file model-v8.txt (compact mmCIF, C-alpha atoms)
# COMPACT_ATOMS: atom_id res chain seq x y z
CA ALA A 1 98.40 56.60 181.65
CA LEU A 2 101.10 53.98 182.35
CA ILE A 3 103.93 56.33 181.40
CA THR A 4 102.76 59.15 183.61
CA ASN A 5 102.96 56.85 186.67
CA LEU A 6 106.59 55.79 186.05
CA PRO A 7 109.60 57.51 187.64
CA ASN A 8 111.27 60.10 185.48
CA ASN A 9 114.53 58.23 185.18
CA PHE A 10 113.15 55.12 183.48
CA GLU A 11 113.68 54.32 179.81
CA PHE A 12 111.34 51.84 178.17
CA LEU A 13 110.52 50.34 174.78
CA ILE A 14 106.97 49.95 173.47
CA LYS A 15 106.33 47.35 170.73
CA VAL A 16 103.17 47.83 168.62
CA PRO A 17 102.27 44.84 166.41
CA TYR A 18 101.36 46.02 162.88
CA VAL A 19 99.77 43.99 160.09
CA LEU A 20 98.98 45.69 156.74
CA THR A 21 95.47 45.11 155.36
CA GLU A 22 95.05 45.32 151.60
CA ASN A 23 91.72 46.16 149.95
CA ILE A 24 90.25 45.17 146.59
CA THR A 25 87.25 47.04 145.21
CA VAL A 26 85.21 45.60 142.31
CA ILE A 27 82.64 47.91 140.72
CA TYR A 28 79.93 46.69 138.32
CA LYS A 29 78.82 49.56 136.10
CA ASP A 30 75.89 49.97 133.72
CA ASP A 31 77.28 51.96 130.79
CA THR A 32 73.81 52.43 129.27
CA THR A 33 72.50 54.38 132.27
CA ASN A 34 75.92 55.34 133.70
CA GLU A 35 74.85 53.85 137.02
CA ILE A 36 76.70 51.61 139.47
CA LEU A 37 74.96 48.25 139.66
CA GLU A 38 76.86 47.10 142.73
CA ARG A 39 80.18 47.42 144.49
CA GLN A 40 82.18 44.62 146.13
CA VAL A 41 84.91 45.54 148.68
CA LEU A 42 87.35 42.78 149.74
CA SER A 43 89.98 43.00 152.49
CA GLY A 44 92.90 40.69 153.30
CA GLN A 45 96.57 40.33 154.03
CA PRO A 46 99.16 41.12 151.38
CA ASP A 47 100.08 38.39 148.93
CA THR A 48 97.06 36.25 149.75
CA SER A 49 94.08 35.11 147.68
CA SER A 50 90.76 36.85 148.06
CA GLN A 51 88.94 33.68 146.99
CA TYR A 52 86.77 35.94 144.83
CA SER A 53 86.18 36.26 141.09
CA THR A 54 83.72 38.24 139.02
CA LYS A 55 82.35 35.13 137.30
CA ASN A 56 79.21 34.59 139.38
CA THR A 57 78.21 38.25 139.36
CA ILE A 58 78.73 38.52 135.62
CA THR A 59 76.61 35.42 135.08
CA LYS A 60 73.85 36.98 137.19
CA TYR A 61 73.70 40.13 135.06
CA LEU A 62 73.93 38.25 131.79
CA ALA A 63 70.79 36.39 132.85
CA LYS A 64 69.09 39.78 133.20
CA ASN A 65 69.85 40.60 129.54
CA TYR A 66 72.93 42.70 130.14
CA LEU A 67 75.83 42.44 127.74
CA LEU A 68 79.37 42.27 129.11
CA VAL A 69 81.49 45.06 127.68
CA SER A 70 84.74 44.48 129.55
CA ASP A 71 86.18 42.82 132.66
CA PRO A 72 89.78 43.74 133.56
CA THR A 73 90.03 40.71 135.86
CA ASN A 74 89.09 38.29 133.08
CA GLN A 75 87.01 36.44 135.71
CA GLN A 76 90.16 35.18 137.41
CA THR A 77 90.43 34.78 141.20
CA LEU A 78 91.74 38.03 142.67
CA SER A 79 94.77 38.25 144.99
CA PHE A 80 95.81 41.06 147.32
CA ASP A 81 99.01 42.84 146.39
CA ASN A 82 101.71 44.12 148.73
CA THR A 83 102.36 47.73 147.85
CA GLU A 84 101.52 49.18 151.27
CA ASP A 85 98.85 51.22 149.50
CA PRO A 86 95.76 49.47 150.76
CA ASP A 87 93.35 50.95 148.20
CA ASP A 88 95.22 50.70 144.94
CA GLN A 89 93.32 47.66 143.62
CA THR A 90 90.09 48.83 141.97
CA TYR A 91 88.49 47.00 139.05
CA VAL A 92 85.50 48.20 137.05
CA VAL A 93 83.40 45.65 135.15
CA HIS A 94 81.35 47.31 132.39
CA PHE A 95 77.93 46.19 131.15
CA LYS A 96 75.42 47.59 128.70
CA HIS A 97 71.78 46.84 128.00
CA GLN A 98 70.76 44.39 125.34
CA PHE A 99 68.20 45.77 122.84
CA GLU A 100 65.93 44.01 120.40
CA GLU A 101 64.77 45.68 117.19
CA ILE A 102 61.08 46.17 116.54
CA ASN A 103 59.85 46.06 112.94
CA ASN A 104 56.09 46.28 112.59
CA SER A 105 54.07 46.45 109.39
CA LYS A 106 50.43 46.71 108.49
CA SER A 107 48.37 47.40 105.37
CA ILE A 108 45.10 49.18 104.75
CA LYS A 109 43.08 47.94 101.79
CA GLU A 110 40.64 49.68 99.47
CA THR A 111 38.05 47.57 97.63
CA ILE A 112 35.53 48.88 95.09
CA ASN A 113 32.78 46.48 94.03
CA TYR A 114 30.88 47.08 90.78
CA ILE A 115 27.42 45.50 90.95
CA HIS A 116 24.05 45.66 89.23
CA ASP A 117 21.05 46.81 91.22
CA ASN A 118 19.98 43.16 91.44
CA GLY A 119 23.20 42.30 93.29
CA LYS A 120 24.99 40.57 90.43
CA LYS A 121 28.56 41.53 89.54
CA ALA A 122 28.77 44.14 86.83
CA ALA A 123 32.58 44.31 86.49
CA PRO A 124 35.68 42.94 88.28
CA SER A 125 36.30 44.53 91.67
CA TYR A 126 39.10 47.06 92.10
CA THR A 127 41.59 46.53 94.97
CA ASN A 128 44.58 48.48 96.22
CA SER A 129 46.53 48.66 99.48
CA ILE A 130 48.84 51.04 101.33
CA GLN A 131 51.64 49.66 103.50
CA PHE A 132 52.68 51.14 106.85
CA VAL A 133 55.99 50.31 108.54
CA GLN A 134 57.15 51.09 112.06
CA SER A 135 60.57 50.66 113.64
CA GLY A 136 61.78 50.80 117.21
CA GLU A 137 63.53 48.86 119.93
CA VAL A 138 62.82 47.26 123.28
CA ASP A 139 65.27 47.43 126.18
CA LEU A 140 65.49 43.81 127.32
CA VAL A 141 66.80 44.87 130.73
CA THR A 142 64.03 47.33 131.60
CA ASN A 143 61.46 46.08 129.05
CA ILE A 144 60.92 49.68 127.97
CA ARG A 145 59.84 49.99 124.35
CA LYS A 146 60.79 52.94 122.16
CA ILE A 147 58.77 52.94 118.94
CA LYS A 148 58.83 55.46 116.12
CA ASP A 149 55.80 56.71 114.21
CA TRP A 150 54.19 54.68 111.44
CA ILE A 151 55.49 55.57 107.97
CA PRO A 152 53.10 54.97 105.01
CA SER A 153 54.15 54.06 101.49
CA THR A 154 51.78 56.85 100.38
CA SER A 155 49.29 59.02 102.24
CA SER A 156 46.14 58.38 100.21
CA PHE A 157 44.31 56.21 97.70
CA SER A 158 44.03 57.86 94.28
CA THR A 159 40.75 58.72 92.58
CA VAL A 160 39.28 55.70 90.76
CA LYS A 161 36.90 56.24 87.85
CA SER A 162 34.05 53.77 87.53
CA PRO A 163 34.11 51.66 84.36
CA LEU A 164 31.59 52.46 81.64
CA ILE A 165 29.08 49.69 80.93
CA ASN A 166 26.95 50.07 77.84
CA GLY A 167 23.27 50.40 78.67
CA TYR A 168 23.82 51.06 82.40
CA THR A 169 24.29 54.10 84.61
CA ALA A 170 26.57 54.04 87.69
CA ASP A 171 25.45 55.78 90.89
CA HIS A 172 29.07 56.98 91.36
CA LYS A 173 31.04 58.19 88.38
CA GLN A 174 34.20 57.79 90.49
CA ILE A 175 35.43 57.05 94.00
CA ASP A 176 37.26 60.15 95.17
CA GLN A 177 40.75 60.31 96.68
CA GLN A 178 40.80 58.78 100.16
CA PHE A 179 43.25 59.99 102.83
CA ILE A 180 44.12 57.49 105.55
CA THR A 181 46.00 57.23 108.84
CA PRO A 182 47.57 54.22 110.56
CA ASN A 183 44.33 53.85 112.52
CA SER A 184 42.12 53.73 109.43
CA LYS A 185 40.03 50.65 108.71
CA ASP A 186 39.87 48.86 105.37
CA LEU A 187 37.75 50.80 102.87
CA VAL A 188 34.93 49.14 100.92
CA PHE A 189 32.77 50.93 98.32
CA ASN A 190 29.92 49.63 96.16
CA VAL A 191 29.17 51.20 92.80
CA VAL A 192 25.67 50.20 91.65
CA TYR A 193 24.71 50.08 87.97
CA THR A 194 21.11 50.59 86.89
CA ALA A 195 19.81 49.77 83.42
CA GLU A 196 19.05 52.83 81.33
CA PRO A 197 15.41 53.12 80.16
CA VAL A 198 14.84 52.12 76.54
CA GLN A 199 13.80 55.12 74.44
CA PRO A 200 10.80 54.31 72.18
CA THR A 201 11.53 54.59 68.51
CA LYS A 202 10.07 57.66 66.86
CA PRO A 203 7.10 56.71 64.69
CA VAL A 204 7.55 57.10 60.97
CA GLU A 205 5.70 60.07 59.61
CA PRO A 206 3.08 58.79 57.10
CA THR A 207 3.60 59.90 53.55
CA LYS A 208 1.32 62.64 52.40
CA PRO A 209 -1.51 61.10 50.35
CA VAL A 210 -1.34 61.74 46.63
CA GLN A 211 -4.05 64.02 45.44
CA PRO A 212 -6.19 62.16 42.87
CA THR A 213 -6.04 63.57 39.40
CA LYS A 214 -9.04 65.57 38.44
CA PRO A 215 -11.21 63.52 36.09
CA ASP A 216 -11.49 64.76 32.57
CA ASN A 217 -14.83 66.30 31.63
CA PRO A 218 -16.75 63.69 29.69
CA THR A 219 -17.12 64.42 26.03
CA ASN A 220 -20.60 65.04 24.80
CA PRO A 221 -22.18 61.76 23.77
CA VAL A 222 -22.23 61.08 20.11
CA HIS A 223 -25.75 61.13 18.86
CA PRO A 224 -26.53 57.92 17.06
CA THR A 225 -26.86 58.27 13.36
CA LYS A 226 -30.43 58.27 12.09
CA PRO A 227 -31.18 54.87 10.76
CA GLU A 228 -31.57 54.69 7.04
CA GLN A 229 -35.12 54.37 5.70
CA HIS A 230 -35.66 50.86 4.57
CA THR A 231 -36.85 50.46 1.00
CA LYS A 232 -40.30 49.26 0.76
CA PRO A 233 -40.25 45.62 -0.05
CA VAL A 234 -41.18 44.68 -3.56
CA GLU A 235 -44.47 42.98 -3.70
CA PRO A 236 -44.04 39.60 -5.23
CA THR A 237 -45.61 39.08 -8.61
CA LYS A 238 -48.52 36.91 -8.67
CA GLN A 239 -47.93 33.47 -10.21
CA GLY A 240 -50.14 32.52 -13.15
CA HIS A 241 -52.39 29.64 -12.60
call {"tool": "encode", "arguments": {"input": "model-v8.txt", "output": "structure tokens"}}
result
Amino acid sequence: ALITNLPNNFEFLIKVPYVLTENITVIYKDDTTNEILERQVLSGQPDTSSQYSTKNTITKYLAKNYLLVSDPTNQQTLSFDNTEDPDDQTYVVHFKHQFEEINNSKSIKETINYIHDNGKKAAPSYTNSIQFVQSGEVDLVTNIRKIKDWIPSTSSFSTVKSPLINGYTADHKQIDQQFITPNSKDLVFNVVYTAEPVQPTKPVEPTKPVQPTKPDNPTNPVHPTKPEQHTKPVEPTKQGH
């Protein structure tokens, strides 16, 4: 507007003051999620100090369980350069999340008790257990847990035959194979022994009586011999007087 009001024959000089402004951009990046955590843009004259370092910001993220991967500034105070390219100073500070391993374990137990029907122990109890393990990790920045499935040492308890006890009968000849899952409870079985009834002894068959021998027919009685006739006694002779 000023020039258009001047006479055509005038020559004039216009001085425009010019000061270059340099820029520094600091980017804080999360390499785990590939996201930008924050961006710091600094402006100032060439060859001057920005009075800024990455130290405080790095300390803030370390307190939130980030791990520092790299910092090209090495936490030194940044200075503006003088290349007349105002946007050629860009620094990227890299972080990643800190993770903590998860190692869980649990066991499921099988117990078989051998008892008499009166409650007394009939034989030592049988015990066995199956171990389950589980692995995973927790993101200490987000507190998100990633856990894998439980893995058992074996998928089932084997068949267990009940011990034989002389004179007793068990109500279970065996405890069958038991399949379990990580949510299964401990297994407890009771095998009850009952005394076997005593079989009466078989009576001894009596011996067949011996038939008596048939008596011999009696012999005819012997007739007594006829007594001899006694001789007539001799009359005594008379004595002479």
call {"tool": "residues_around", "arguments": {"input": "model-v8.txt", "residues": "Asp30 (chain A)", "least_positions_apart": "6", "cutoff": "10 Å", "atoms": "only C-alpha atoms", "output": "MDAnalysis selection string"}}
result
chainID A and resid 36:38 66:69 93:97
call {"tool": "atom_distance", "arguments": {"input": "model-v8.txt", "atom1": "CA of Lys121 (chain A)", "atom2": "CA of Lys173 (chain A)"}}
result
16.9 Å
call {"tool": "atom_distance", "arguments": {"input": "model-v8.txt", "atom1": "CA of Gly136 (chain A)", "atom2": "CA of Asn103 (chain A)"}}
result
6.7 Å
call {"tool": "closest_residue", "arguments": {"input": "model-v8.txt", "among": "A:Ile144, A:Ile24, A:Ile58, A:Ala123", "to": "Gln89 (chain A)", "atoms": "all atoms listed in the file"}}
result
A:Ile24
call {"tool": "atom_distance", "arguments": {"input": "model-v8.txt", "atom1": "CA of Glu35 (chain A)", "atom2": "CA of Thr21 (chain A)"}}
result
28.9 Å
call {"tool": "residues_near_point", "arguments": {"input": "model-v8.txt", "point": "(88.3, 42.2, 141.7)", "cutoff": "9 Å", "atoms": "only C-alpha atoms", "output": "number ranges by chain"}}
result
A: 24-27, 40-42, 50, 52-54, 72-73, 75-79, 89-93
call {"tool": "residues_around", "arguments": {"input": "model-v8.txt", "residues": "Pro163 (chain A)", "least_positions_apart": "2", "cutoff": "10 Å", "atoms": "all atoms listed in the file", "output": "list of chain:residue names"}}
result
A:Tyr114, A:Ala122, A:Ala123, A:Pro124, A:Val160, A:Lys161, A:Ile165, A:Asn166, A:Ala170, A:Lys173, A:Gln174, A:Val191
call {"tool": "closest_residue", "arguments": {"input": "model-v8.txt", "among": "A:Thr57, A:Gln177, A:Ser107, A:Gln45", "to": "Tyr18 (chain A)", "atoms": "all atoms listed in the file"}}
result
A:Gln45
call {"tool": "residues_near_point", "arguments": {"input": "model-v8.txt", "point": "(63.3, 50.7, 122.1)", "cutoff": "8 Å", "atoms": "only C-alpha atoms", "output": "count of residues only"}}
result
12
call {"tool": "closest_residue", "arguments": {"input": "model-v8.txt", "among": "A:Asp117, A:Asn23, A:Gln98, A:Ala63", "to": "Asn82 (chain A)", "atoms": "all atoms listed in the file"}}
result
A:Asn23
call {"tool": "axis_aligned_box", "arguments": {"input": "model-v8.txt", "around": "region 39-49 of chain A", "padding_each_side": "8 Å", "output": "lines of an AutoDock Vina configuration file"}}
result
center_x = 90.1
center_y = 41.3
center_z = 149.3
size_x = 35.9
size_y = 28.3
size_z = 25.5
call {"tool": "closest_residue", "arguments": {"input": "model-v8.txt", "among": "A:Ser156, A:Asn183, A:Asn190, A:Thr83", "to": "Asp171 (chain A)", "atoms": "all atoms listed in the file"}}
result
A:Asn190
call {"tool": "residues_around", "arguments": {"input": "model-v8.txt", "residues": "Ser158 (chain A)", "least_positions_apart": "6", "cutoff": "9 Å", "atoms": "all atoms listed in the file", "output": "ChimeraX atom specification"}}
result
/A:175-179
call {"tool": "residues_around", "arguments": {"input": "model-v8.txt", "residues": "region 131-134 of chain A", "least_positions_apart": "6", "cutoff": "6 Å", "atoms": "only C-alpha atoms", "output": "PDB file with C-alpha atoms, in the frame of the given file"}}
result
ATOM      1  CA  ASN A 103      59.850  46.060 112.940  1.00  0.00           C
ATOM      2  CA  ASN A 104      56.090  46.280 112.590  1.00  0.00           C
ATOM      3  CA  SER A 105      54.070  46.450 109.390  1.00  0.00           C
ATOM      4  CA  LYS A 106      50.430  46.710 108.490  1.00  0.00           C
ATOM      5  CA  SER A 107      48.370  47.400 105.370  1.00  0.00           C
ATOM      6  CA  TRP A 150      54.190  54.680 111.440  1.00  0.00           C
ATOM      7  CA  ILE A 151      55.490  55.570 107.970  1.00  0.00           C
ATOM      8  CA  PRO A 152      53.100  54.970 105.010  1.00  0.00           C
ATOM      9  CA  SER A 153      54.150  54.060 101.490  1.00  0.00           C
TER      10      SER A 153
END
call {"tool": "closest_residue", "arguments": {"input": "model-v8.txt", "among": "A:Pro197, A:Pro182, A:Pro86, A:Pro46", "to": "Thr154 (chain A)", "atoms": "all atoms listed in the file"}}
result
A:Pro182
call {"tool": "closest_residue", "arguments": {"input": "model-v8.txt", "among": "A:Lys64, A:Lys55, A:Lys15, A:Lys29", "to": "Thr142 (chain A)", "atoms": "all atoms listed in the file"}}
result
A:Lys64
